[in-house]
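Containing mmCIF, C-alpha atoms: protein.cif.
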```
data_protein
#
loop_
_atom_site.label_atom_id
_atom_site.label_comp_id
_atom_site.auth_asym_id
_atom_site.auth_seq_id
_atom_site.Cartn_x
_atom_site.Cartn_y
_atom_site.Cartn_z
CA MET A 767 -9.25 -24.40 6.85
CA LYS A 768 -7.71 -21.25 5.40
CA THR A 769 -4.87 -21.52 2.95
CA PRO A 770 -1.53 -19.80 3.54
CA GLU A 771 -2.14 -17.80 0.35
CA ALA A 772 -5.48 -16.50 1.65
CA GLU A 773 -3.92 -15.62 4.99
CA THR A 774 -1.11 -13.78 3.17
CA ARG A 775 -3.62 -11.76 1.13
CA ARG A 776 -5.58 -10.88 4.26
CA ALA A 777 -2.43 -9.89 6.15
CA LEU A 778 -1.27 -7.67 3.29
CA ALA A 779 -4.70 -6.02 3.08
CA ARG A 780 -4.71 -5.39 6.85
CA LEU A 781 -1.21 -3.95 6.70
CA ARG A 782 -2.15 -1.68 3.80
CA ARG A 783 -5.20 -0.38 5.66
CA ALA A 784 -3.14 0.18 8.82
CA ILE A 785 -0.52 2.15 6.91
CA GLU A 786 -3.17 4.24 5.15
CA LYS A 787 -4.80 4.96 8.52
CA ALA A 788 -1.43 5.92 10.01
CA ARG A 789 -0.82 8.32 7.12
CA ARG A 790 -4.23 9.96 7.66
CA GLU A 791 -3.56 10.31 11.39
CA ILE A 792 -0.11 11.78 10.76
CA ARG A 793 -1.52 14.27 8.25
CA GLY A 794 -4.16 15.34 10.77
CA LEU A 795 -1.56 15.72 13.50
CA ARG A 796 0.69 17.62 11.12
CA GLU A 797 -2.09 20.09 10.31
CA LEU A 798 -2.88 20.65 13.99
CA LEU A 799 0.75 21.08 15.00
CA ASP A 800 1.38 23.38 12.06
CA ARG A 801 -1.45 25.64 13.25
CA THR A 802 -0.43 25.61 16.90
CA GLU A 803 3.35 25.70 16.58
CA ALA A 804 3.74 27.56 13.28
CA GLU A 805 7.42 28.60 13.40
CA SER A 806 8.79 25.77 15.54
CA PHE A 807 6.92 23.01 13.71
CA PRO A 808 9.33 20.34 12.35
CA ALA A 809 7.72 20.14 8.90
CA ASP A 810 10.72 18.37 7.36
CA ASP A 811 10.46 15.52 9.86
CA TYR A 812 6.77 15.03 9.10
CA ALA A 813 7.37 15.17 5.35
CA GLU A 814 10.10 12.54 5.72
CA MET A 815 7.80 10.33 7.78
CA ASP A 816 5.10 10.59 5.11
CA GLU A 817 7.64 9.69 2.40
CA HIS A 818 8.68 6.60 4.37
CA LEU A 819 5.09 5.49 4.83
CA SER A 820 4.44 6.10 1.15
CA ALA A 821 7.40 3.84 0.29
CA VAL A 822 6.03 1.13 2.60
CA THR A 823 2.60 1.46 0.96
CA GLU A 824 4.21 0.99 -2.46
CA LEU A 825 6.10 -2.07 -1.23
CA VAL A 826 2.90 -3.61 0.13
CA GLY A 827 1.16 -2.86 -3.19
CA ARG A 828 3.94 -4.56 -5.14
CA GLU A 829 3.77 -7.57 -2.84
CA GLN A 830 -0.01 -7.75 -3.24
CA ALA A 831 0.39 -7.70 -7.02
CA ARG A 832 3.12 -10.36 -6.85
CA GLN A 833 0.99 -12.62 -4.66
CA GLN A 834 -2.04 -12.12 -6.92
CA ALA A 835 -0.02 -12.96 -10.04
CA LYS A 836 1.36 -16.07 -8.34
CA ILE A 837 -2.16 -17.27 -7.48
CA LEU A 838 -3.46 -16.55 -10.97
CA ARG A 839 -0.54 -18.34 -12.61
CA ALA A 840 -1.13 -21.34 -10.34
CA GLY A 841 -4.74 -21.32 -11.57
CA GLY A 842 -3.60 -21.51 -15.20
CA ILE A 843 -4.09 -17.90 -16.23
CA GLY A 844 -1.44 -16.87 -18.74
CA ALA A 845 0.95 -13.91 -18.55
CA ASN A 846 -0.95 -11.89 -21.19
CA ARG A 847 -4.11 -12.04 -19.04
CA LEU A 848 -2.14 -11.10 -15.91
CA ARG A 849 -1.12 -7.75 -17.34
CA ARG A 850 -4.69 -6.78 -18.17
CA SER A 851 -6.13 -7.88 -14.87
CA ALA A 852 -3.31 -6.90 -12.48
CA GLY A 853 -4.87 -3.51 -11.70
CA SER A 854 -8.20 -4.94 -10.63
CA PHE A 855 -6.89 -6.55 -7.45
CA GLY A 856 -5.41 -5.26 -4.21
CA GLY A 857 -7.30 -1.99 -3.85
CA GLY A 858 -5.78 1.44 -4.27
CA SER A 859 -5.50 3.29 -7.53
CA GLY A 860 -4.59 0.21 -9.53
CA ASP A 861 -1.09 1.39 -10.41
CA GLU A 862 0.64 -0.39 -7.54
CA GLY A 863 2.76 -3.28 -8.62
CA ARG A 864 2.91 -2.30 -12.27
CA ARG A 865 6.26 -1.75 -13.86
CA PRO A 866 6.82 0.55 -16.82
#
```

So that I can check it, write out the structure of this file as structure tokens.
Amino acid sequence: MKTPEAETRRALARLRRAIEKARREIRGLRELLDRTEAESFPADDYAEMDEHLSAVTELVGREQARQQAKILRAGGIGANRLRRSAGSFGGGSGDEGRRP
């Protein structure tokens, strides 16, 4: 039987991949429309959409880091070890979920 924590991690990973795929598709569409429509292309709308998807990606990354920290703490790993290892989970560049 799968744990709720494992299901949460899987769901977050699926959501992150879906958002990243959507961003790639939107960028491809944007490039095609920009070439075909040139002057009438709504570039601002597409830039805004990309910004929104970027914000959602960051939110998912923070949630992945939060869930990972919660699991590690439950396993007895201390806060000092969490900081060092937080970037090694959740995919991406490793900066998601970190606070300055």

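On the file presented, the PyMOL selection byres ((chain A and resi 776-781) around 9) picks out Glu771, Ala772, Glu773, Thr774, Arg775, Arg782, Arg783, Ala784, Ile785, Glu786, Thr823, Val826, Gly827, Glu829, Gln830, Gly856 and Gly857 of chain A.
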
Notebook entry, point to check: Using only C-alpha atoms, which of the listed residues (A:Glu824, A:Glu803, A:Asp816, A:Asp811) sits closest to Arg789 (chain A)?
Noted result: A:Asp816

Close residues, region 790-800 of chain A itself excluded, 12 Å, all atoms listed in the file, min 2 positions apart in chain, as an mmCIF file with C-alpha atoms, in the frame of the given file:
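File produced: part_24.cif:
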```cif
data_model
loop_
_atom_site.group_PDB
_atom_site.id
_atom_site.type_symbol
_atom_site.label_atom_id
_atom_site.label_comp_id
_atom_site.auth_asym_id
_atom_site.auth_seq_id
_atom_site.Cartn_x
_atom_site.Cartn_y
_atom_site.Cartn_z
ATOM 1 C CA ARG A 783 -5.200 -0.380 5.660
ATOM 2 C CA ALA A 784 -3.140 0.180 8.820
ATOM 3 C CA ILE A 785 -0.520 2.150 6.910
ATOM 4 C CA GLU A 786 -3.170 4.240 5.150
ATOM 5 C CA LYS A 787 -4.800 4.960 8.520
ATOM 6 C CA ALA A 788 -1.430 5.920 10.010
ATOM 7 C CA THR A 802 -0.430 25.610 16.900
ATOM 8 C CA GLU A 803 3.350 25.700 16.580
ATOM 9 C CA ALA A 804 3.740 27.560 13.280
ATOM 10 C CA GLU A 805 7.420 28.600 13.400
ATOM 11 C CA SER A 806 8.790 25.770 15.540
ATOM 12 C CA PHE A 807 6.920 23.010 13.710
ATOM 13 C CA PRO A 808 9.330 20.340 12.350
ATOM 14 C CA ALA A 809 7.720 20.140 8.900
ATOM 15 C CA ASP A 810 10.720 18.370 7.360
ATOM 16 C CA ASP A 811 10.460 15.520 9.860
ATOM 17 C CA TYR A 812 6.770 15.030 9.100
ATOM 18 C CA ALA A 813 7.370 15.170 5.350
ATOM 19 C CA GLU A 814 10.100 12.540 5.720
ATOM 20 C CA MET A 815 7.800 10.330 7.780
ATOM 21 C CA ASP A 816 5.100 10.590 5.110
ATOM 22 C CA GLU A 817 7.640 9.690 2.400
ATOM 23 C CA LEU A 819 5.090 5.490 4.830
ATOM 24 C CA SER A 820 4.440 6.100 1.150
#
```

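Here CA of Leu825 (chain A) stands at a distance of 18.4 Å from CA of Ile837 (chain A).
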
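Counting from CA of Ala821 (chain A), the distance to CA of Pro770 (chain A) is 25.5 Å.
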
Just add N, CA and C atoms to region 777-795 of chain A and send it as a PDB file, in the frame of the given file.
```
ATOM      1  N   ALA A 777      -3.438 -10.622   5.372  1.00  0.00           N
ATOM      2  CA  ALA A 777      -2.430  -9.890   6.150  1.00  0.00           C
ATOM      3  C   ALA A 777      -1.939  -8.666   5.396  1.00  0.00           C
ATOM      4  N   LEU A 778      -1.707  -8.809   4.094  1.00  0.00           N
ATOM      5  CA  LEU A 778      -1.270  -7.670   3.290  1.00  0.00           C
ATOM      6  C   LEU A 778      -2.350  -6.586   3.240  1.00  0.00           C
ATOM      7  N   ALA A 779      -3.603  -6.991   3.104  1.00  0.00           N
ATOM      8  CA  ALA A 779      -4.700  -6.020   3.080  1.00  0.00           C
ATOM      9  C   ALA A 779      -4.807  -5.296   4.423  1.00  0.00           C
ATOM     10  N   ARG A 780      -4.673  -6.032   5.526  1.00  0.00           N
ATOM     11  CA  ARG A 780      -4.710  -5.390   6.850  1.00  0.00           C
ATOM     12  C   ARG A 780      -3.564  -4.409   7.026  1.00  0.00           C
ATOM     13  N   LEU A 781      -2.370  -4.827   6.584  1.00  0.00           N
ATOM     14  CA  LEU A 781      -1.210  -3.950   6.700  1.00  0.00           C
ATOM     15  C   LEU A 781      -1.400  -2.690   5.871  1.00  0.00           C
ATOM     16  N   ARG A 782      -1.910  -2.839   4.653  1.00  0.00           N
ATOM     17  CA  ARG A 782      -2.150  -1.680   3.800  1.00  0.00           C
ATOM     18  C   ARG A 782      -3.129  -0.712   4.452  1.00  0.00           C
ATOM     19  N   ARG A 783      -4.219  -1.240   4.999  1.00  0.00           N
ATOM     20  CA  ARG A 783      -5.200  -0.380   5.660  1.00  0.00           C
ATOM     21  C   ARG A 783      -4.597   0.307   6.879  1.00  0.00           C
ATOM     22  N   ALA A 784      -3.781  -0.409   7.635  1.00  0.00           N
ATOM     23  CA  ALA A 784      -3.140   0.180   8.820  1.00  0.00           C
ATOM     24  C   ALA A 784      -2.195   1.307   8.427  1.00  0.00           C
ATOM     25  N   ILE A 785      -1.445   1.108   7.370  1.00  0.00           N
ATOM     26  CA  ILE A 785      -0.520   2.150   6.910  1.00  0.00           C
ATOM     27  C   ILE A 785      -1.290   3.364   6.422  1.00  0.00           C
ATOM     28  N   GLU A 786      -2.357   3.121   5.648  1.00  0.00           N
ATOM     29  CA  GLU A 786      -3.170   4.240   5.150  1.00  0.00           C
ATOM     30  C   GLU A 786      -3.788   5.014   6.315  1.00  0.00           C
ATOM     31  N   LYS A 787      -4.240   4.286   7.347  1.00  0.00           N
ATOM     32  CA  LYS A 787      -4.800   4.960   8.520  1.00  0.00           C
ATOM     33  C   LYS A 787      -3.724   5.772   9.233  1.00  0.00           C
ATOM     34  N   ALA A 788      -2.532   5.198   9.368  1.00  0.00           N
ATOM     35  CA  ALA A 788      -1.430   5.920  10.010  1.00  0.00           C
ATOM     36  C   ALA A 788      -1.111   7.202   9.240  1.00  0.00           C
ATOM     37  N   ARG A 789      -1.105   7.114   7.925  1.00  0.00           N
ATOM     38  CA  ARG A 789      -0.820   8.320   7.120  1.00  0.00           C
ATOM     39  C   ARG A 789      -1.888   9.384   7.338  1.00  0.00           C
ATOM     40  N   ARG A 790      -3.162   8.981   7.406  1.00  0.00           N
ATOM     41  CA  ARG A 790      -4.230   9.960   7.660  1.00  0.00           C
ATOM     42  C   ARG A 790      -4.061  10.601   9.031  1.00  0.00           C
ATOM     43  N   GLU A 791      -3.745   9.785  10.028  1.00  0.00           N
ATOM     44  CA  GLU A 791      -3.560  10.310  11.390  1.00  0.00           C
ATOM     45  C   GLU A 791      -2.377  11.278  11.440  1.00  0.00           C
ATOM     46  N   ILE A 792      -1.302  10.928  10.776  1.00  0.00           N
ATOM     47  CA  ILE A 792      -0.110  11.780  10.760  1.00  0.00           C
ATOM     48  C   ILE A 792      -0.410  13.104  10.052  1.00  0.00           C
ATOM     49  N   ARG A 793      -1.161  13.035   8.954  1.00  0.00           N
ATOM     50  CA  ARG A 793      -1.520  14.270   8.250  1.00  0.00           C
ATOM     51  C   ARG A 793      -2.379  15.169   9.139  1.00  0.00           C
ATOM     52  N   GLY A 794      -3.326  14.560   9.856  1.00  0.00           N
ATOM     53  CA  GLY A 794      -4.160  15.340  10.770  1.00  0.00           C
ATOM     54  C   GLY A 794      -3.339  15.971  11.872  1.00  0.00           C
ATOM     55  N   LEU A 795      -2.442  15.198  12.460  1.00  0.00           N
ATOM     56  CA  LEU A 795      -1.560  15.720  13.500  1.00  0.00           C
ATOM     57  C   LEU A 795      -0.678  16.835  12.950  1.00  0.00           C
TER      58      LEU A 795
END
```
